[in-house]
Amino acid sequence: MGIISRFFTGSGPSASSPSSLGHSVSDLRQKIYKLETANEKYRARLAERIEMNKTLKNVVDTQKSELNAMRINSRKDLTLERIDTFFTGTKLRLPEEAYQRFLAKCKDNATEDKIKVFREEMDKTQHRAFYEQLFSVEMDMAQGFDFTGLRPIVTFQRGKTDIAYAKSKCMSLDELKANHIQITIERFDEIIKKSFINPKRVNSVCEIGAAWGAATRYMLNRYAPEDYHVYEIDTGWAQWLKDNLGVDSKQCDGESLSETSDNSMDICVASSCLYFMPFVKQWNYLTEFARVLKPGGIAVFNVNLIENTTVRTLKGLLANYFPRRSFGYIPQHCVDTAFPEDKFEKLVKEPAKGFGYQVYRKR
Ligand SMILES: C[S@@+](CC[C@H](N)C(=O)[O-])C[C@H]1O[C@@H](n2cnc3c(N)ncnc32)[C@H](O)[C@@H]1O
């Protein structure tokens, strides 16, 4: 019951003698006075609450950004740990002269301040940016390196163009990508055997690099999961996937599944996507797959696998390609450390050479 109705319920003045009228007028005045006092108190309490809420919101915002910073730092630490692991599994070392040549080129173009910040960051992250650039694939949209800004010239953002193209031709994306969609159905039917996972248990799927959603459609049709997390770096595609396939497009940082909890997914999938990124990022994603899979869950992906990377191949690539992007291989031992034998079962014993699909199941 509200304040006003509480004050005005009960019998009102009924008789109309002057004395009873005077009585009820003074009654009414008293009630109005009480009502005003109550309202004032109410307003004061409201104002207090508003202030309290503002303070609480500030506290929550601060804690959120502190948590975020902690998450980013622990992710950075994880990446560095992985680079360490990479070096303990290989004889490969980054040829020093390539870095020096790179810096010399920077000096001709970028300002000293910028180079100083860049070098500090490189030291702190054990030359990670250099590795990323070095191990990235040759792509039409990420071919060059901007020596003034010290970053790749163009990054992946093809979704909007493809979507606009389909529209201009009065085609649906299904029509435009019919070929990819059909190939994916055939490949996945062949690769993901019924024995790999019971379809009834598949409630959650996590996919990276979903683009126009060939693999997404396949997963939705075959398993009808309730939760579908997508991490797509191309914002045009990320939005399209959300609007058209109803998936949950997550904030994508290009290397982690930061919005997906440990042991929460039945299937993780990366179809024709990993080899478009540097091996450090491929590796991050694979170890993230290992983290978010439930026991019994499967990871399905294809990579451009090589047995080993040697200093000789690295030097050759640097001489011929660097700073243009060169190749998207991932050494076998990186995949092995992401899915260690005691924790994962390798379900495709001999993946096809080149870009063959692999499937691992968490024990
Ligand atoms: C060839 S398309 C993928 C095709 C799609 N998976 C299918 O089922 O046909 C490659 C996609 O990977 C995305 N991609 C590239 N690097 C990425 C990264 N670091 N994180 C997430 N997505 C990425 C690109 O934006 C692009 O949309």
# chains A, B, ... in the order shown; residues from 1 in each chain; ligands from 1
>>> residues_near_ligand(ligand="ligand 1", cutoff="9 Å", atoms="only C-alpha atoms and all ligand atoms", output="VMD selection string")
chain A and resid 155 to 159 177 180 to 181 183 to 184 207 to 218 230 to 238 252 to 256 269 to 278 281 to 282 285
>>> closest_atom_pairs(of="segment 261-300 of chain A", to="segment 220-228 of chain A", cutoff="12 Å", atoms="only C-alpha atoms", output="tab-separated table")
residue	atom	partner	partner_atom	distance
A:Ser264	CA	A:Asp227	CA	10.0
A:Met265	CA	A:Asp227	CA	8.7
A:Asp266	CA	A:Pro225	CA	9.1
A:Ile267	CA	A:Pro225	CA	9.6
A:Cys268	CA	A:Tyr228	CA	9.9
A:Val269	CA	A:Tyr228	CA	10.9
>>> atom_distance(atom1="atom CA of Tyr99 of chain A", atom2="atom CA of Met122 of chain A")
10.5 Å
>>> closest_residue(among="A:Ala290, A:Tyr329, A:Ile306, A:Leu245", to="Glu345 of chain A", atoms="only C-alpha atoms")
A:Ala290
>>> atom_distance(atom1="atom CA of Lys160 of chain A", atom2="atom CA of Asp174 of chain A")
15.4 Å
>>> residues_around(residues="Arg291 of chain A", least_positions_apart="6", cutoff="9 Å", atoms="only C-alpha atoms", output="list in words")
Ser261, Asp262, Asn263 and Ser264 of chain A
>>> atom_distance(atom1="atom CA of Asn304 of chain A", atom2="atom CA of Ile330 of chain A")
6.2 Å
>>> closest_residue(among="A:Asp123, A:Arg43, A:Val300, A:Lys167", to="Val205 of chain A", atoms="only C-alpha atoms")
A:Val300
>>> closest_residue(among="A:Phe118, A:Met70, A:Lys294, A:Thr287", to="Val202 of chain A", atoms="only C-alpha atoms")
A:Lys294
>>> select_by_dssp(residues="segment 149-269 of chain A", states="strand (DSSP E or B)", output="MDAnalysis selection string")
chainID A and resid 151:152 204:208 227:231 248:249 265:269
>>> select_by_dssp(residues="segment 145-315 of chain A", states="helix (DSSP H, G or I)", output="ChimeraX atom specification")
/A:159-168,173-176,178-191,194-196,199-201,214-223,235-245,274-276,279-292,311-315
>>> residues_around(residues="Ile197 of chain A", least_positions_apart="2", cutoff="8 Å", atoms="only C-alpha atoms", output="PyMOL selection string")
chain A and resi 193-195+199+201-202+296-298
